[in-house]
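J.: Here you go, this is target-v6.txt (compact mmCIF, C-alpha atoms).
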# COMPACT_ATOMS: atom_id res chain seq x y z
CA MET B 17 137.38 90.73 70.88
CA THR B 18 137.89 92.57 74.18
CA HIS B 19 140.79 91.36 76.27
CA PRO B 20 140.03 89.91 79.73
CA VAL B 21 140.23 92.35 82.62
CA LYS B 22 143.66 92.21 84.23
CA ALA B 23 144.05 92.62 87.98
CA ALA B 24 147.16 92.78 90.15
CA VAL B 25 146.54 91.89 93.80
CA PHE B 26 149.21 93.10 96.23
CA GLY B 27 149.31 90.98 99.38
CA THR B 28 149.22 87.19 99.71
CA GLY B 29 147.49 87.16 103.10
CA SER B 30 144.10 85.49 103.47
CA TRP B 31 142.05 88.47 102.20
CA GLY B 32 144.29 89.25 99.22
CA THR B 33 144.31 85.59 98.21
CA ALA B 34 140.54 85.19 98.69
CA PHE B 35 139.84 88.28 96.58
CA ALA B 36 142.19 86.96 93.88
CA ILE B 37 139.93 83.86 93.76
CA VAL B 38 136.85 86.10 93.38
CA LEU B 39 138.41 88.11 90.54
CA ALA B 40 139.51 84.94 88.73
CA ASP B 41 136.05 83.37 89.17
CA ALA B 42 134.58 86.57 87.67
CA GLY B 43 136.73 86.09 84.55
CA CYS B 44 139.76 88.29 85.28
CA GLU B 45 143.41 87.39 84.70
CA VAL B 46 144.99 87.79 88.13
CA THR B 47 148.60 88.29 89.19
CA LEU B 48 149.15 87.96 92.93
CA TRP B 49 152.16 89.87 94.25
CA GLY B 50 153.89 88.70 97.41
CA ARG B 51 157.11 89.58 99.21
CA ARG B 52 158.18 85.99 99.82
CA ALA B 53 159.40 83.91 96.89
CA GLU B 54 158.34 80.66 98.59
CA VAL B 55 154.70 81.80 98.77
CA ALA B 56 154.70 82.82 95.09
CA GLU B 57 156.24 79.47 94.20
CA ALA B 58 153.66 77.54 96.22
CA VAL B 59 150.84 79.41 94.43
CA ASN B 60 152.34 78.69 91.00
CA THR B 61 153.27 75.05 91.58
CA THR B 62 150.67 73.71 94.01
CA ARG B 63 147.79 76.18 93.23
CA THR B 64 147.41 76.81 96.98
CA ASN B 65 148.52 79.37 99.58
CA PRO B 66 149.48 76.97 102.39
CA ASP B 67 150.31 79.74 104.89
CA TYR B 68 147.00 81.58 104.80
CA LEU B 69 144.33 79.47 103.07
CA PRO B 70 145.50 75.87 103.40
CA GLY B 71 143.52 73.27 101.47
CA ILE B 72 141.82 75.76 99.12
CA GLU B 73 142.67 75.35 95.45
CA LEU B 74 143.31 78.55 93.49
CA PRO B 75 141.91 79.00 89.96
CA ALA B 76 144.29 78.40 87.04
CA THR B 77 144.01 82.09 86.05
CA VAL B 78 145.76 83.20 89.26
CA ARG B 79 149.54 83.31 89.13
CA ALA B 80 151.97 84.79 91.61
CA THR B 81 155.14 86.88 91.39
CA THR B 82 157.51 88.84 93.63
CA ASP B 83 158.06 91.41 90.86
CA ALA B 84 155.80 94.48 91.21
CA ALA B 85 156.54 95.73 87.68
CA GLU B 86 155.45 92.40 86.23
CA ALA B 87 152.27 92.35 88.34
CA LEU B 88 151.27 95.86 87.22
CA ARG B 89 151.97 95.43 83.50
CA GLY B 90 148.71 96.12 81.67
CA ALA B 91 146.66 96.01 84.91
CA ASP B 92 143.16 97.49 84.80
CA PHE B 93 142.95 97.23 88.61
CA ALA B 94 145.68 97.22 91.26
CA VAL B 95 144.13 95.76 94.40
CA LEU B 96 145.89 96.64 97.67
CA ALA B 97 145.58 94.10 100.48
CA VAL B 98 148.58 94.76 102.73
CA PRO B 99 148.41 95.77 106.42
CA SER B 100 147.22 99.41 106.63
CA GLN B 101 150.28 100.71 108.43
CA THR B 102 152.66 99.32 105.75
CA LEU B 103 150.76 100.80 102.79
CA ARG B 104 152.62 104.10 102.47
CA ALA B 105 156.11 102.55 102.26
CA ASN B 106 155.00 99.71 99.98
CA LEU B 107 153.08 101.96 97.62
CA ALA B 108 156.08 104.27 97.21
CA ASP B 109 157.96 101.25 95.79
CA TRP B 110 155.12 100.25 93.43
CA THR B 111 154.08 103.68 92.11
CA PRO B 112 156.76 103.93 89.36
CA TYR B 113 155.20 100.87 87.66
CA LEU B 114 151.61 102.17 87.67
CA GLU B 115 150.07 102.61 84.22
CA PRO B 116 147.76 105.56 83.41
CA GLN B 117 144.62 103.40 83.11
CA THR B 118 145.12 101.46 86.35
CA VAL B 119 142.46 101.96 89.05
CA LEU B 120 143.74 101.47 92.61
CA VAL B 121 141.44 99.45 94.86
CA SER B 122 141.81 99.39 98.65
CA LEU B 123 140.73 96.27 100.55
CA MET B 124 142.27 97.66 103.74
CA LYS B 125 140.25 98.60 106.81
CA GLY B 126 142.45 100.94 108.79
CA VAL B 127 143.42 104.54 109.47
CA GLU B 128 147.09 105.53 109.24
CA VAL B 129 148.77 106.13 112.59
CA GLY B 130 150.14 109.67 112.92
CA THR B 131 148.42 111.24 109.91
CA ALA B 132 144.93 109.81 110.71
CA LYS B 133 144.45 109.45 106.94
CA ARG B 134 142.04 106.94 105.44
CA MET B 135 143.60 104.43 103.05
CA SER B 136 142.22 106.15 99.92
CA GLU B 137 143.84 109.38 101.12
CA VAL B 138 147.18 107.61 101.58
CA ILE B 139 146.85 106.19 98.04
CA GLU B 140 146.15 109.64 96.56
CA ASP B 141 148.96 111.13 98.64
CA VAL B 142 151.63 108.65 97.55
CA THR B 143 150.67 108.07 93.91
CA GLY B 144 149.34 111.51 93.02
CA VAL B 145 146.36 109.98 91.16
CA GLY B 146 142.94 111.63 91.31
CA ALA B 147 140.03 110.39 93.42
CA GLU B 148 138.31 109.04 90.28
CA ARG B 149 141.05 106.38 90.05
CA VAL B 150 140.77 105.22 93.67
CA ALA B 151 138.11 102.73 94.80
CA VAL B 152 137.48 100.96 98.09
CA LEU B 153 135.78 97.65 98.83
CA SER B 154 134.17 97.04 102.21
CA GLY B 155 131.51 94.80 103.71
CA PRO B 156 130.96 91.66 105.80
CA ASN B 157 133.86 89.89 104.09
CA LEU B 158 135.52 87.20 106.22
CA ALA B 159 138.21 85.86 103.89
CA LYS B 160 137.94 82.15 104.67
CA GLU B 161 134.22 82.01 103.88
CA ILE B 162 134.77 83.84 100.59
CA ALA B 163 137.62 81.50 99.64
CA GLU B 164 135.21 78.61 100.29
CA ARG B 165 132.81 80.39 97.91
CA ARG B 166 130.07 80.92 100.48
CA PRO B 167 127.47 83.63 99.71
CA THR B 168 128.77 87.13 100.46
CA THR B 169 127.85 90.72 99.63
CA THR B 170 130.02 93.82 99.65
CA VAL B 171 130.14 97.49 98.64
CA VAL B 172 132.50 98.92 96.01
CA ALA B 173 132.79 102.69 96.31
CA CYS B 174 134.43 105.31 94.13
CA ARG B 175 133.80 109.01 93.70
CA ASP B 176 133.30 108.21 90.00
CA GLU B 177 130.26 105.95 89.79
CA SER B 178 131.27 104.52 86.38
CA VAL B 179 134.54 103.26 87.91
CA ALA B 180 132.58 101.65 90.77
CA ARG B 181 130.43 99.90 88.16
CA ARG B 182 133.51 98.62 86.29
CA LEU B 183 134.92 97.20 89.51
CA GLN B 184 131.52 95.71 90.36
CA ALA B 185 131.52 93.84 87.02
CA ALA B 186 135.11 92.67 87.57
CA CYS B 187 134.33 90.94 90.88
CA HIS B 188 130.69 89.80 90.50
CA THR B 189 130.34 86.02 90.80
CA PRO B 190 127.45 83.66 91.70
CA TYR B 191 128.60 83.73 95.37
CA PHE B 192 130.04 87.28 95.61
CA ARG B 193 127.57 90.12 95.07
CA PRO B 194 128.98 93.68 95.03
CA TYR B 195 126.80 96.81 95.33
CA THR B 196 128.06 100.24 94.19
CA SER B 197 128.37 103.49 96.15
CA THR B 198 130.02 106.88 95.74
CA ASP B 199 130.46 107.34 99.53
CA VAL B 200 134.14 106.47 99.86
CA VAL B 201 134.45 108.20 103.27
CA GLY B 202 131.52 106.26 104.77
CA CYS B 203 132.67 102.89 103.43
CA GLU B 204 136.20 103.38 104.75
CA LEU B 205 135.10 104.63 108.17
CA GLY B 206 132.62 101.76 108.56
CA GLY B 207 135.42 99.28 107.91
CA ALA B 208 137.98 100.96 110.17
CA VAL B 209 135.76 101.67 113.19
CA LYS B 210 134.13 98.23 113.16
CA ASN B 211 137.56 96.71 113.90
CA VAL B 212 137.72 98.80 117.08
CA ILE B 213 134.17 97.76 118.07
CA GLY B 214 135.12 94.16 117.21
CA LEU B 215 137.90 94.41 119.79
CA ALA B 216 135.44 95.81 122.36
CA VAL B 217 132.96 92.97 121.77
CA GLY B 218 135.79 90.43 121.91
CA ILE B 219 136.96 91.84 125.23
CA ALA B 220 133.37 91.64 126.58
CA ASP B 221 133.08 88.03 125.36
CA GLY B 222 136.41 87.16 126.96
CA MET B 223 135.13 88.62 130.23
CA GLY B 224 131.92 86.59 129.93
CA LEU B 225 129.64 89.65 129.98
CA GLY B 226 126.89 88.02 127.90
CA ASP B 227 124.72 88.80 124.88
CA ASN B 228 122.99 91.92 126.26
CA ALA B 229 126.42 93.51 126.55
CA LYS B 230 127.30 92.39 123.02
CA GLY B 231 124.08 93.84 121.57
CA SER B 232 124.67 97.08 123.46
CA LEU B 233 128.28 97.43 122.29
CA ILE B 234 127.40 96.77 118.64
CA THR B 235 124.59 99.36 118.75
CA ARG B 236 126.48 102.06 120.64
CA GLY B 237 129.54 101.34 118.49
CA LEU B 238 127.47 101.98 115.39
CA ALA B 239 126.19 105.25 116.93
CA GLU B 240 129.83 106.36 117.44
CA THR B 241 130.69 105.48 113.85
CA ILE B 242 127.74 107.48 112.50
CA ARG B 243 128.69 110.51 114.64
CA LEU B 244 132.23 110.50 113.27
CA GLY B 245 131.01 109.82 109.73
CA GLU B 246 128.60 112.75 109.74
CA ALA B 247 131.33 115.07 111.03
CA MET B 248 133.53 113.92 108.13
CA GLY B 249 130.89 114.37 105.44
CA ALA B 250 129.83 110.74 104.98
CA ASP B 251 126.26 109.73 104.15
CA PRO B 252 124.74 108.40 107.42
CA LEU B 253 122.75 105.81 105.42
CA THR B 254 126.00 104.09 104.45
CA PHE B 255 126.37 102.97 108.07
CA SER B 256 123.06 101.09 108.07
CA GLY B 257 124.26 99.25 104.95
CA LEU B 258 126.75 96.48 104.23
CA ALA B 259 129.91 98.56 104.81
CA GLY B 260 128.50 99.69 108.18
CA LEU B 261 126.13 97.42 110.08
CA GLY B 262 126.77 94.39 107.83
CA ASP B 263 130.50 94.39 108.43
CA LEU B 264 130.10 95.27 112.12
CA VAL B 265 127.77 92.30 112.80
CA ALA B 266 130.03 89.83 110.94
CA THR B 267 133.12 91.03 112.82
CA CYS B 268 131.47 91.07 116.23
CA SER B 269 129.87 87.65 115.94
CA SER B 270 132.50 85.49 114.23
CA PRO B 271 135.43 83.55 115.65
CA LEU B 272 136.97 84.02 112.16
CA SER B 273 137.35 87.75 112.92
CA ARG B 274 140.93 88.56 113.95
CA ASN B 275 139.88 91.64 115.92
CA HIS B 276 137.17 89.77 117.82
CA THR B 277 139.60 86.94 118.66
CA PHE B 278 142.30 89.41 119.72
CA GLY B 279 139.81 91.15 122.03
CA THR B 280 138.62 87.84 123.49
CA ASN B 281 142.19 86.98 124.52
CA LEU B 282 142.60 90.40 126.19
CA GLY B 283 139.26 89.96 127.98
CA ARG B 284 140.40 86.59 129.31
CA GLY B 285 143.33 88.31 130.99
CA MET B 286 146.17 87.90 128.50
CA THR B 287 148.55 90.86 128.20
CA LEU B 288 148.90 92.78 124.95
CA GLN B 289 152.27 91.13 124.22
CA GLU B 290 150.90 87.62 124.91
CA THR B 291 147.94 88.30 122.64
CA ILE B 292 150.16 89.59 119.82
CA ALA B 293 152.33 86.46 120.20
CA VAL B 294 149.40 84.07 119.63
CA THR B 295 147.85 86.15 116.80
CA LYS B 296 149.40 85.13 113.49
CA GLN B 297 147.72 87.78 111.33
CA THR B 298 147.25 91.54 111.60
CA ALA B 299 144.34 92.67 113.77
CA GLU B 300 143.91 96.12 112.21
CA GLY B 301 141.93 97.54 115.13
CA VAL B 302 144.93 97.30 117.47
CA LYS B 303 146.79 100.11 115.67
CA SER B 304 143.72 101.83 114.19
CA CYS B 305 141.96 102.46 117.53
CA GLN B 306 144.56 105.18 118.21
CA SER B 307 144.09 106.75 114.76
CA VAL B 308 140.28 106.59 114.97
CA LEU B 309 140.42 108.33 118.36
CA ASP B 310 142.77 110.89 116.82
CA LEU B 311 140.24 111.50 114.00
CA ALA B 312 137.42 111.85 116.55
CA ARG B 313 139.38 114.45 118.52
CA ARG B 314 140.26 116.40 115.37
CA HIS B 315 136.56 116.55 114.49
CA GLY B 316 135.36 117.21 118.05
CA VAL B 317 133.37 113.94 118.21
CA GLU B 318 132.85 111.95 121.42
CA MET B 319 133.70 108.23 121.00
CA PRO B 320 133.71 106.64 124.48
CA LEU B 321 133.97 103.02 123.26
CA THR B 322 136.93 103.81 121.03
CA GLU B 323 138.53 105.66 123.94
CA THR B 324 137.94 102.66 126.22
CA VAL B 325 139.46 100.18 123.74
CA THR B 326 142.50 102.43 123.25
CA GLY B 327 142.94 102.61 127.03
CA ILE B 328 142.85 98.81 127.38
CA VAL B 329 145.05 98.07 124.37
CA HIS B 330 147.64 100.85 124.58
CA GLU B 331 147.61 102.10 128.16
CA GLY B 332 147.27 98.75 129.91
CA LYS B 333 143.99 99.71 131.61
CA PRO B 334 142.43 96.56 133.16
CA PRO B 335 139.20 95.66 131.28
CA MET B 336 137.19 95.55 134.55
CA VAL B 337 138.23 99.11 135.44
CA ALA B 338 137.40 100.28 131.91
CA LEU B 339 133.96 98.62 132.13
CA LYS B 340 133.17 100.38 135.43
CA GLU B 341 134.16 103.74 133.92
CA LEU B 342 131.97 103.15 130.84
CA MET B 343 128.94 102.11 132.87
CA SER B 344 129.25 105.05 135.27
CA ARG B 345 129.30 107.78 132.61
CA SER B 346 126.61 110.42 133.11
CA ALA B 347 123.12 109.43 131.94
CA LYS B 348 122.02 110.82 128.57
CA ALA B 349 119.21 110.70 126.02
CA GLU B 350 119.81 107.92 123.46
CA ARG B 351 119.99 110.43 120.62
CA HIS B 352 122.63 112.49 122.48
What is this structure when it is put down as structure tokens?
T.:
Amino acid sequence: MTHPVKAAVFGTGSWGTAFAIVLADAGCEVTLWGRRAEVAEAVNTTRTNPDYLPGIELPATVRATTDAAEALRGADFAVLAVPSQTLRANLADWTPYLEPQTVLVSLMKGVEVGTAKRMSEVIEDVTGVGAERVAVLSGPNLAKEIAERRPTTTVVACRDESVARRLQAACHTPYFRPYTSTDVVGCELGGAVKNVIGLAVGIADGMGLGDNAKGSLITRGLAETIRLGEAMGADPLTFSGLAGLGDLVATCSSPLSRNHTFGTNLGRGMTLQETIAVTKQTAEGVKSCQSVLDLARRHGVEMPLTETVTGIVHEGKPPMVALKELMSRSAKAERH
């Protein structure tokens, strides 16, 4: 008899916890790793994560620990769901406990500040494993809806298609439908840039600019993402799929999106510090907009929306001034 697939999920935030539910519902044995002993204890004794997904019962096959070595023992998959900018330091601590068969799976949608590396590149960098052991998962995946077992689709990508298929089988449930891809670059860029566009749409909503503006920002944001993706060797078709347009639409239209909510507060006139103070969870786009702009400059790609968001978030540019600058750019053909 084959043993059940074992998965270690690193990160007890809402997305890590929701994905642990998916894996358990798909028949995996899941160990959830968290920094805080009280969260691990709550998971093990009350079967809930009161901090991030209150009121949602976790399956009996999910248990929690603060011990990375214990979480990784015998793991077929190590799922990484920590904030993007903390990955490098965390992963350095966990790498000694990795077993040779373990596939590393990134749920993170960010680009590292300073290096401008995608998360799969950081994983390869720190652990030394080959690309065939690194997978990414990206799509319109708002954690709360998944934890409530509402219908959702996603993309699992790995350079090695057979690994993508194994991961697909490990997280396929009646409500969670994963598709496979080998375009790791495209899936990661779609997830990272949509957070920046989510901020832009949030800012526009906070300013009360209306639905025409929202439709325009989503579309031009997607055009920027495709330009950068093509320059980096991604398949442009990925961006019209779930990891591109699908994720972008969910992020830009949902109050459950942290980036959209963060942007809305900025658009209403709150300062960056005030907005950070009322945001309990990480809005990845806040840090990643700088790294995405850095990537664009390295590849000689024009990304005016990303530049505008970075100006508002990091340089204190008033949203109204930024809007005027965007609207007064020189006229171009749409396919420019």
J.: What are the nearest atom pairs, with distances in Å to one decimal, for all residues of range 236-347 of chain B that come at most 10 Å from range 170-176 of chain B, using all atoms listed in the file, set out by chain and rising residue number as a tab-separated table?
T.:
residue	atom	partner	partner_atom	distance
B:Thr254	CA	B:Val171	CA	9.7
B:Gly257	CA	B:Val171	CA	8.8
B:Leu258	CA	B:Thr170	CA	6.2
B:Ala259	CA	B:Val171	CA	6.3
B:Gly260	CA	B:Val171	CA	9.9
B:Gly262	CA	B:Thr170	CA	8.8
B:Asp263	CA	B:Thr170	CA	8.8
J.: Nearest to Thr111 in chain B among B:Ala349, B:Leu282, B:Ala84, B:Val294, with distances taken over only C-alpha atoms: which residue is it?
T.: B:Ala84
J.: Please list as a ChimeraX atom specification every residue within 6 Å of Cys305 in chain B, counting only C-alpha atoms and excluding residues in the same chain fewer than 4 positions away.
T.: /B:212,301,326
J.: Using all atoms listed in the file, which protein or nucleic acid residues come within 9 Å of Glu177 in chain B? Drop anything in the same chain fewer than 6 positions from it, and give the result as a list in words.
T.: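 Residues near the query, excluding close chain neighbours: Glu148, Thr196, Ser197 and Thr198 of chain B.
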J.: Give, as AutoDock Vina command-line options, the centre coordinates and the x, y and z edge lengths in Å to one decimal for an axis-aligned box around all listed atoms of range 327-331 of chain B, padded by 5 Å on each side.
T.:
--center_x 145.2 --center_y 100.3 --center_z 126.3 --size_x 14.8 --size_y 14.5 --size_z 13.8
J.: Using all atoms listed in the file, which protein or nucleic acid residues come within 8 Å of range 37-39 of chain B? Drop anything in the same chain fewer than 6 positions from it, and give the result as a list of chain:residue names.
T.: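 Answer for this query is B:Ala23, B:Glu45, B:Val46, B:Leu74, B:Pro75, B:Val78, B:Ile162, B:Ala163, B:Ala186, B:Cys187, B:His188, B:Thr189, B:Phe192.
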J.: Hey, what's within 10 Å of Leu103 in chain B if we count all atoms listed in the file and toss same-chain stuff fewer than 3 positions away? As a list in words, please?
T.: Leu96, Ala97, Val98, Pro99, Ser100, Asn106, Leu107, Ala108, Ser122, Met124, Glu128, Met135, Val138, Ile139 and Val142 of chain B
